[in-house]
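File shown here: coords16.txt, holding compact mmCIF, C-alpha atoms.
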# COMPACT_ATOMS: atom_id res chain seq x y z
CA MET A 1 153.67 40.26 59.71
CA GLU A 2 152.05 42.28 62.45
CA LEU A 3 154.53 45.10 61.84
CA VAL A 4 153.85 44.99 58.08
CA ARG A 5 150.07 45.13 58.66
CA ARG A 6 150.50 48.06 61.03
CA ARG A 7 152.58 49.97 58.51
CA ARG A 8 150.05 49.30 55.77
CA MET A 9 147.25 50.49 58.04
CA TYR A 10 149.10 53.72 58.88
CA GLY A 11 149.94 54.22 55.22
CA GLY A 12 146.29 53.74 54.23
CA ILE A 13 145.14 56.21 56.89
CA ILE A 14 147.65 58.84 55.74
CA LEU A 15 146.69 58.32 52.09
CA THR A 16 142.98 58.65 52.93
CA LEU A 17 143.59 61.87 54.88
CA PHE A 18 145.65 63.24 51.98
CA ILE A 19 142.87 62.50 49.47
CA VAL A 20 140.23 64.06 51.74
CA LEU A 21 142.31 67.21 52.26
CA MET A 22 143.03 67.53 48.53
CA ALA A 23 139.35 67.10 47.63
CA SER A 24 138.15 69.59 50.26
CA GLY A 25 140.85 72.08 49.25
CA PHE A 26 139.85 71.79 45.59
CA GLN A 27 136.20 72.41 46.44
CA LEU A 28 137.12 75.48 48.52
CA ALA A 29 139.33 76.88 45.75
CA GLN A 30 136.63 76.15 43.16
CA SER A 31 134.02 78.04 45.20
CA ARG A 32 136.27 81.11 45.58
CA ASN A 33 137.46 81.15 41.97
CA ALA A 34 135.96 83.76 39.64
CA GLY A 35 135.34 81.04 37.03
CA GLY A 36 135.38 77.29 37.12
CA PHE A 37 138.55 75.22 36.94
CA ILE A 38 136.97 72.53 34.78
CA ASP A 39 135.21 75.10 32.60
CA GLY A 40 138.48 76.96 32.03
CA LEU A 41 140.55 73.93 31.01
CA PRO A 42 139.74 74.29 27.27
CA MET A 43 141.27 77.79 27.38
CA LEU A 44 144.47 76.58 29.03
CA PHE A 45 146.59 76.90 25.89
CA ALA A 46 144.77 79.86 24.34
CA PHE A 47 147.16 82.54 25.59
CA PRO A 48 150.40 80.60 24.83
CA ALA A 49 149.09 79.87 21.33
CA GLU A 50 148.37 83.56 20.78
CA VAL A 51 151.85 84.55 21.96
CA ILE A 52 153.63 81.94 19.84
CA ALA A 53 151.55 82.77 16.76
CA GLU A 54 152.41 86.47 16.92
CA ALA A 55 156.09 85.77 17.67
CA TRP A 56 156.27 83.40 14.69
CA GLN A 57 154.96 86.11 12.41
CA LYS A 58 157.71 88.45 13.67
CA ARG A 59 160.40 85.78 14.01
CA ALA A 60 162.88 87.88 12.03
CA ASN A 61 162.97 90.38 14.94
CA LEU A 62 163.84 87.81 17.62
CA PRO A 63 167.68 87.82 17.25
CA GLY A 64 167.86 91.61 17.38
CA ILE A 65 165.58 91.80 20.42
CA ALA A 66 167.61 89.13 22.22
CA TRP A 67 170.82 91.05 21.49
CA ASP A 68 169.34 94.26 22.89
CA HIS A 69 168.52 92.52 26.20
CA LEU A 70 171.91 90.92 26.79
CA LYS A 71 172.74 93.70 29.26
CA SER A 72 169.70 92.86 31.38
CA LEU A 73 170.59 89.18 31.20
CA LEU A 74 174.11 89.95 32.41
CA GLU A 75 172.63 91.86 35.35
CA THR A 76 170.50 88.83 36.25
CA VAL A 77 173.51 86.49 36.12
CA ASN A 78 175.56 88.94 38.19
CA ILE A 79 172.83 89.08 40.84
CA ALA A 80 172.84 85.29 41.04
CA ALA A 81 176.65 85.06 41.13
CA VAL A 82 177.14 87.66 43.89
CA SER A 83 174.28 86.19 45.92
CA THR A 84 175.66 82.67 45.62
CA LEU A 85 179.20 83.70 46.56
CA THR A 86 178.04 85.73 49.56
CA GLY A 87 175.61 83.07 50.74
CA ALA A 88 178.15 80.26 50.33
CA LEU A 89 180.78 82.11 52.39
CA LEU A 90 178.32 82.82 55.20
CA ALA A 91 176.98 79.26 55.01
CA SER A 92 180.47 77.77 55.37
CA VAL A 93 181.06 79.73 58.58
CA LEU A 94 177.66 78.78 60.01
CA ALA A 95 178.22 75.15 59.00
CA PHE A 96 181.42 74.92 61.03
CA LEU A 97 179.76 76.65 63.98
CA SER A 98 176.72 74.34 63.94
CA THR A 99 178.33 70.94 63.26
CA ARG A 100 178.52 68.51 66.16
CA GLY A 101 182.10 67.55 66.94
CA LEU A 102 183.55 70.57 65.12
CA ALA A 103 181.87 73.61 66.66
CA PRO A 104 184.07 75.66 69.01
CA TRP A 105 181.04 76.45 71.22
CA PRO A 106 178.87 73.30 71.36
CA ARG A 107 176.21 74.93 73.52
CA LEU A 108 175.57 77.53 70.80
CA ILE A 109 174.93 74.91 68.09
CA PRO A 110 171.10 75.15 68.47
CA LEU A 111 171.35 78.95 68.13
CA PHE A 112 173.32 78.79 64.89
CA ARG A 113 170.96 76.12 63.53
CA ARG A 114 167.94 78.30 64.27
CA VAL A 115 169.65 81.19 62.47
CA MET A 116 169.96 79.01 59.37
CA ASP A 117 166.35 77.85 59.75
CA MET A 118 165.19 81.46 59.92
CA ALA A 119 167.27 82.45 56.88
CA ARG A 120 165.65 79.83 54.65
CA ALA A 121 162.17 80.01 56.19
CA PHE A 122 161.15 83.11 54.23
CA PRO A 123 160.98 82.93 50.40
CA GLU A 124 163.26 85.23 48.44
CA ILE A 125 160.32 87.14 46.99
CA VAL A 126 158.99 88.03 50.45
CA ILE A 127 162.38 89.34 51.60
CA ALA A 128 162.83 91.22 48.31
CA LEU A 129 159.42 92.92 48.62
CA VAL A 130 160.28 94.16 52.10
CA LEU A 131 163.71 95.40 50.99
CA ILE A 132 162.28 97.09 47.90
CA TYR A 133 159.88 98.97 50.15
CA ILE A 134 162.84 100.10 52.30
CA LEU A 135 165.64 100.52 49.74
CA GLY A 136 163.73 101.04 46.51
CA GLY A 137 163.91 99.01 43.33
CA GLY A 138 167.10 97.67 41.80
CA PRO A 139 169.46 94.73 42.07
CA VAL A 140 170.57 95.34 45.70
CA PRO A 141 167.33 94.03 47.31
CA ALA A 142 167.50 90.97 45.06
CA VAL A 143 171.12 90.27 46.03
CA VAL A 144 170.37 90.56 49.75
CA ALA A 145 167.19 88.45 49.54
CA ILE A 146 168.77 85.63 47.53
CA ALA A 147 171.97 85.68 49.63
CA LEU A 148 169.99 85.29 52.86
CA HIS A 149 168.00 82.34 51.54
CA THR A 150 171.17 80.80 50.07
CA THR A 151 172.90 81.10 53.45
CA GLY A 152 170.19 79.10 55.18
CA ALA A 153 169.86 76.46 52.47
CA LEU A 154 173.58 75.88 51.91
CA GLY A 155 174.36 76.12 55.62
CA LYS A 156 172.24 73.04 56.34
CA LEU A 157 173.74 71.10 53.42
CA PHE A 158 177.29 72.11 54.33
CA SER A 159 176.74 71.10 57.95
CA GLU A 160 175.47 67.64 56.97
CA VAL A 161 178.53 67.10 54.78
CA ALA A 162 180.87 68.27 57.54
CA GLU A 163 179.28 65.86 60.04
CA ASN A 164 180.45 62.93 57.88
CA ALA A 165 184.05 64.14 57.67
CA ASP A 166 186.86 62.03 59.13
CA LEU A 167 188.04 63.50 62.45
CA LYS A 168 191.46 61.83 62.46
CA PRO A 169 193.19 64.78 60.73
CA VAL A 170 191.60 67.08 63.30
CA GLU A 171 192.94 64.93 66.13
CA GLY A 172 196.40 64.98 64.59
CA LEU A 173 196.35 68.76 64.22
CA THR A 174 195.09 69.14 67.79
CA SER A 175 198.00 67.05 69.08
CA VAL A 176 200.51 69.50 67.59
CA GLY A 177 198.76 72.57 69.00
CA ALA A 178 196.79 73.81 65.98
CA SER A 179 194.06 76.37 66.61
CA TRP A 180 190.40 75.74 65.82
CA ALA A 181 190.61 77.72 62.58
CA GLN A 182 193.72 75.79 61.50
CA ARG A 183 192.02 72.48 62.26
CA MET A 184 189.03 73.43 60.13
CA TRP A 185 191.15 74.83 57.30
CA PHE A 186 193.65 71.97 57.03
CA GLY A 187 191.71 69.04 58.50
CA ILE A 188 188.06 69.42 57.42
CA LEU A 189 187.91 71.80 54.48
CA PRO A 190 189.96 69.60 52.07
CA GLN A 191 187.53 66.74 52.74
CA VAL A 192 184.30 68.69 52.25
CA ALA A 193 185.41 71.13 49.53
CA PRO A 194 184.30 69.00 46.52
CA ASN A 195 180.79 68.46 47.90
CA TRP A 196 180.52 72.05 49.09
CA LEU A 197 181.47 73.37 45.66
CA SER A 198 179.01 70.97 44.07
CA TYR A 199 176.17 72.25 46.25
CA ALA A 200 177.22 75.87 45.62
CA LEU A 201 177.12 75.35 41.85
CA MET A 202 173.70 73.72 42.11
CA ARG A 203 172.51 76.69 44.15
CA PHE A 204 173.87 79.06 41.50
CA GLU A 205 171.53 77.46 38.96
CA ILE A 206 168.60 77.97 41.33
CA ASN A 207 169.60 81.57 42.02
CA VAL A 208 169.66 82.45 38.32
CA ARG A 209 166.02 81.45 38.11
CA ALA A 210 165.23 83.21 41.40
CA SER A 211 166.85 86.46 40.25
CA ALA A 212 164.77 86.37 37.06
CA ILE A 213 161.59 85.85 39.09
CA LEU A 214 162.46 88.71 41.44
CA GLY A 215 162.64 90.98 38.42
CA PHE A 216 158.84 90.75 38.28
CA VAL A 217 158.62 92.65 41.59
CA GLY A 218 161.02 95.39 40.53
CA ALA A 219 164.36 93.89 41.54
CA GLY A 220 165.98 94.53 38.16
CA GLY A 221 167.44 92.18 35.60
CA ILE A 222 165.81 90.49 32.66
CA GLY A 223 162.79 89.47 34.71
CA TYR A 224 161.75 93.11 34.93
CA ASP A 225 162.00 93.47 31.14
CA LEU A 226 159.89 90.34 30.72
CA LYS A 227 157.24 91.73 33.06
CA ILE A 228 157.03 95.02 31.14
CA ALA A 229 156.85 93.16 27.82
CA MET A 230 153.97 90.99 29.06
CA GLN A 231 152.11 94.05 30.32
CA TRP A 232 152.23 95.61 26.85
CA GLY A 233 150.20 92.68 25.55
CA GLN A 234 149.35 92.16 21.92
CA GLY A 235 151.75 93.67 19.44
CA ARG A 236 154.81 93.00 21.62
CA TYR A 237 154.62 89.25 22.09
CA ASP A 238 157.74 88.89 19.95
CA LEU A 239 159.59 90.72 22.74
CA VAL A 240 158.14 88.31 25.32
CA VAL A 241 159.24 85.24 23.36
CA ALA A 242 162.72 86.65 22.64
CA ILE A 243 163.37 87.41 26.32
CA PHE A 244 162.00 84.05 27.41
CA LEU A 245 164.14 82.16 24.90
CA LEU A 246 167.22 84.14 25.94
CA LEU A 247 166.61 83.34 29.60
CA PHE A 248 165.83 79.69 28.83
CA LEU A 249 169.01 79.18 26.78
CA THR A 250 171.11 80.87 29.49
CA ILE A 251 169.71 78.59 32.19
CA VAL A 252 170.33 75.53 30.01
CA VAL A 253 173.96 76.56 29.38
CA ILE A 254 174.58 77.26 33.07
CA ASP A 255 172.93 73.98 34.01
CA ARG A 256 175.15 71.99 31.65
CA LEU A 257 178.34 73.78 32.71
CA SER A 258 177.50 73.39 36.39
CA ASP A 259 176.66 69.71 35.91
CA TYR A 260 180.02 69.16 34.18
CA ALA A 261 181.90 71.07 36.90
CA ARG A 262 180.13 69.16 39.69
CA HIS A 263 180.95 65.86 38.03
CA ARG A 264 184.63 66.79 37.75
CA LEU A 265 184.76 68.00 41.35
CA VAL A 266 183.09 64.95 42.88
CA LYS A 267 184.21 62.16 40.54
CA GLY A 268 187.53 63.60 39.41
Output the file's structure in the form of structure tokens.
Amino acid sequence: MELVRRRRMYGGIILTLFIVLMASGFQLAQSRNAGGFIDGLPMLFAFPAEVIAEAWQKRANLPGIAWDHLKSLLETVNIAAVSTLTGALLASVLAFLSTRGLAPWPRLIPLFRRVMDMARAFPEIVIALVLIYILGGGPVPAVVAIALHTTGALGKLFSEVAENADLKPVEGLTSVGASWAQRMWFGILPQVAPNWLSYALMRFEINVRASAILGFVGAGGIGYDLKIAMQWGQGRYDLVVAIFLLLFLTIVVIDRLSDYARHRLVKG
């Protein structure tokens, strides 16, 4: 009972601190805002209503506009696919090098873990902005930025899966003189492959959305077209809605296919 009371006390203290921080943060944001948050709530749906109303009037143009932007959508999907493949390959190597009981150099495990921490510490948009400044606009900065973040995120997940693998196959391969690479390839990889592929597919869904967002900062793809369409404003809201619907339907399709593939990989 004493332990329960102590936990409740700590939980109450943490909840109180959270409420105080949220309230003080809201007051600070309210004071720095150009308008008032409460005063602006009635206008929350004004802009979406204007966009939808104009797009509904020009609904006959939506299929043609969506067809014209399929090329940009394909570029966005390609950015996500290349980034996911590159990041997953690098993450698999770092996972083996940073997993306790599997790493060939145990003393370097903290180093490889910090590399993964650093890779996922910076958001994709920050990395992309720096690379765009250096390399210029286009899909290459987006691919590099998303691949780096994917490497850090998947590397941690892959390492946690590998830590739960059965080491008996590794011991058997070691007894017959197998090298470290052979032990990983034949002893560990068959065990972790279904979960690794599942995580990679889930990351592919995330990267499709990330590549669309990076288009807003000049990284190419359909996100860039959506940014330009929104900047045009009234008179081109049908273009905004068509691009958004195209992107939304693509993400839904990829999500369903990835969910089906993950289920088959994990459950059989």
Do you have the atom CA of A:Val93-atom CA of A:Arg256 distance handy?
28.6 Å
Give the answer as one residue: which of A:Asn195, A:Gln57, A:Thr174, A:Thr150 has the shortest atom-to-atom distance to A:Leu90, using only C-alpha atoms?
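For A:Leu90, the nearest of the given residues is A:Thr150.
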Closest atom pairs, residues of stretch 127-244 of chain A within 8 Å of stretch 58-63 of chain A, only C-alpha atoms, as JSON lines:
{"residue": "A:Asp238", "atom": "CA", "partner": "A:Lys58", "partner_atom": "CA", "distance": 6.3}
{"residue": "A:Leu239", "atom": "CA", "partner": "A:Leu62", "partner_atom": "CA", "distance": 7.3}
{"residue": "A:Val241", "atom": "CA", "partner": "A:Leu62", "partner_atom": "CA", "distance": 7.8}
{"residue": "A:Ala242", "atom": "CA", "partner": "A:Leu62", "partner_atom": "CA", "distance": 5.3}
Just-selected residues, C-alpha atoms written as an mmCIF file, keeping the file's coordinate frame:
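See out_8.cif below for the written result:
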data_model
loop_
_atom_site.group_PDB
_atom_site.id
_atom_site.type_symbol
_atom_site.label_atom_id
_atom_site.label_comp_id
_atom_site.auth_asym_id
_atom_site.auth_seq_id
_atom_site.Cartn_x
_atom_site.Cartn_y
_atom_site.Cartn_z
ATOM 1 C CA ASP A 238 157.740 88.890 19.950
ATOM 2 C CA LEU A 239 159.590 90.720 22.740
ATOM 3 C CA VAL A 241 159.240 85.240 23.360
ATOM 4 C CA ALA A 242 162.720 86.650 22.640
#
Could you list, as JSON, numbers by chain, every residue within 12 Å of A:Arg113, counting only C-alpha atoms and ignoring same-chain residues fewer than 2 positions away?
{"A": [91, 93, 94, 95, 96, 97, 98, 99, 100, 103, 106, 107, 108, 109, 110, 111, 115, 116, 117, 118, 119, 120, 151, 152, 153, 154, 155, 156, 157, 158, 159, 160]}
Counting only C-alpha atoms, the option among A:Leu73, A:Ala178, A:Val20, A:Ala200 closest to A:Arg262:
A:Ala200
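Closest to A:Ser198 among A:Pro123, A:Val170, A:Ala261, A:Asp39 is A:Ala261, based on all atoms listed in the file.
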Between atom CA of A:Met22 and atom CA of A:Gly40, what is the distance, to one decimal in Å?
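Distance between the two atoms: 19.5 Å.
In this comparison, which uses all atoms listed in the file, the residue of A:Leu167, A:Val82, A:Leu129, A:Leu74 approaching A:Gly101 most closely is A:Leu167.
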Quick one: contact table of stretch 27-102 of chain A to stretch 220-224 of chain A, 10 Å max, nearest atom pair and distance in Å to one decimal per residue, counting all atoms listed in the file, chain and number order, as JSON lines?
{"residue": "A:His69", "atom": "CA", "partner": "A:Ile222", "partner_atom": "CA", "distance": 7.3}
{"residue": "A:Leu70", "atom": "CA", "partner": "A:Ile222", "partner_atom": "CA", "distance": 8.5}
{"residue": "A:Lys71", "atom": "CA", "partner": "A:Ile222", "partner_atom": "CA", "distance": 8.4}
{"residue": "A:Ser72", "atom": "CA", "partner": "A:Ile222", "partner_atom": "CA", "distance": 4.7}
{"residue": "A:Leu73", "atom": "CA", "partner": "A:Ile222", "partner_atom": "CA", "distance": 5.2}
{"residue": "A:Leu74", "atom": "CA", "partner": "A:Gly221", "partner_atom": "CA", "distance": 7.7}
{"residue": "A:Glu75", "atom": "CA", "partner": "A:Gly221", "partner_atom": "CA", "distance": 5.2}
{"residue": "A:Thr76", "atom": "CA", "partner": "A:Gly221", "partner_atom": "CA", "distance": 4.6}
{"residue": "A:Val77", "atom": "CA", "partner": "A:Gly221", "partner_atom": "CA", "distance": 8.3}
{"residue": "A:Asn78", "atom": "CA", "partner": "A:Gly221", "partner_atom": "CA", "distance": 9.1}
{"residue": "A:Ile79", "atom": "CA", "partner": "A:Gly221", "partner_atom": "CA", "distance": 8.1}
Create the file for the chosen residues now, containing C-alpha atoms and written as a PDB file, keeping the file's coordinate frame.
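This went into part_20.pdb:
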ATOM      1  CA  HIS A  69     168.520  92.520  26.200  1.00  0.00           C
ATOM      2  CA  LEU A  70     171.910  90.920  26.790  1.00  0.00           C
ATOM      3  CA  LYS A  71     172.740  93.700  29.260  1.00  0.00           C
ATOM      4  CA  SER A  72     169.700  92.860  31.380  1.00  0.00           C
ATOM      5  CA  LEU A  73     170.590  89.180  31.200  1.00  0.00           C
ATOM      6  CA  LEU A  74     174.110  89.950  32.410  1.00  0.00           C
ATOM      7  CA  GLU A  75     172.630  91.860  35.350  1.00  0.00           C
ATOM      8  CA  THR A  76     170.500  88.830  36.250  1.00  0.00           C
ATOM      9  CA  VAL A  77     173.510  86.490  36.120  1.00  0.00           C
ATOM     10  CA  ASN A  78     175.560  88.940  38.190  1.00  0.00           C
ATOM     11  CA  ILE A  79     172.830  89.080  40.840  1.00  0.00           C
TER      12      ILE A  79
END
Residues of stretch 178-251 of chain A at most 12 Å from stretch 131-147 of chain A: nearest atom pair and distance in Å, all atoms listed in the file, as a Markdown table:
| residue | atom | partner | partner_atom | distance |
| --- | --- | --- | --- | --- |
| A:Ala200 | CA | A:Ala147 | CA | 11.8 |
| A:Arg203 | CA | A:Ile146 | CA | 10.3 |
| A:Phe204 | CA | A:Ile146 | CA | 10.3 |
| A:Ile206 | CA | A:Ile146 | CA | 9.9 |
| A:Asn207 | CA | A:Ile146 | CA | 6.9 |
| A:Val208 | CA | A:Ile146 | CA | 9.8 |
| A:Arg209 | CA | A:Ile146 | CA | 10.7 |
| A:Ala210 | CA | A:Ile146 | CA | 7.5 |
| A:Ser211 | CA | A:Ala142 | CA | 6.6 |
| A:Ala212 | CA | A:Ala142 | CA | 9.6 |
| A:Ile213 | CA | A:Ala142 | CA | 9.8 |
| A:Leu214 | CA | A:Ala142 | CA | 6.6 |
| A:Gly215 | CA | A:Ala142 | CA | 8.2 |
| A:Phe216 | CA | A:Gly137 | CA | 10.9 |
| A:Val217 | CA | A:Gly137 | CA | 8.5 |
| A:Gly218 | CA | A:Gly137 | CA | 5.4 |
| A:Ala219 | CA | A:Gly138 | CA | 4.7 |
| A:Gly220 | CA | A:Gly138 | CA | 4.9 |
| A:Gly221 | CA | A:Pro139 | CA | 7.2 |
| A:Ile222 | CA | A:Pro139 | CA | 10.9 |
| A:Gly223 | CA | A:Pro139 | CA | 11.2 |
| A:Tyr224 | CA | A:Gly138 | CA | 9.8 |
What does the distance between atom CA of A:Asp225 and atom CA of A:Ile243 come to in Å, to one decimal place?
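Computed distance, atom CA of A:Asp225 to atom CA of A:Ile243, equals 7.9 Å.
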Ranking A:Trp67, A:Arg6, A:Gln27, A:Glu54 by minimum distance to A:Leu247 and counting only C-alpha atoms, which one comes first?
A:Trp67
Excluding A:Trp185 and any residue of its chain fewer than 2 positions from it, enumerate the residues within 12 Å of it, using all atoms listed in the file, and give them as an mmCIF file with C-alpha atoms, in the frame of the given file.
data_model
loop_
_atom_site.group_PDB
_atom_site.id
_atom_site.type_symbol
_atom_site.label_atom_id
_atom_site.label_comp_id
_atom_site.auth_asym_id
_atom_site.auth_seq_id
_atom_site.Cartn_x
_atom_site.Cartn_y
_atom_site.Cartn_z
ATOM 1 C CA SER A 92 180.470 77.770 55.370
ATOM 2 C CA VAL A 93 181.060 79.730 58.580
ATOM 3 C CA PHE A 96 181.420 74.920 61.030
ATOM 4 C CA LEU A 102 183.550 70.570 65.120
ATOM 5 C CA PRO A 169 193.190 64.780 60.730
ATOM 6 C CA VAL A 170 191.600 67.080 63.300
ATOM 7 C CA LEU A 173 196.350 68.760 64.220
ATOM 8 C CA ALA A 178 196.790 73.810 65.980
ATOM 9 C CA SER A 179 194.060 76.370 66.610
ATOM 10 C CA TRP A 180 190.400 75.740 65.820
ATOM 11 C CA ALA A 181 190.610 77.720 62.580
ATOM 12 C CA GLN A 182 193.720 75.790 61.500
ATOM 13 C CA ARG A 183 192.020 72.480 62.260
ATOM 14 C CA GLY A 187 191.710 69.040 58.500
ATOM 15 C CA ILE A 188 188.060 69.420 57.420
ATOM 16 C CA LEU A 189 187.910 71.800 54.480
ATOM 17 C CA PRO A 190 189.960 69.600 52.070
ATOM 18 C CA GLN A 191 187.530 66.740 52.740
ATOM 19 C CA VAL A 192 184.300 68.690 52.250
ATOM 20 C CA ALA A 193 185.410 71.130 49.530
#
Using all atoms listed in the file, the shortest atom-to-atom distance to A:Ala81 among A:Leu201, A:Thr250, A:Tyr260, A:Arg32 belongs to A:Leu201
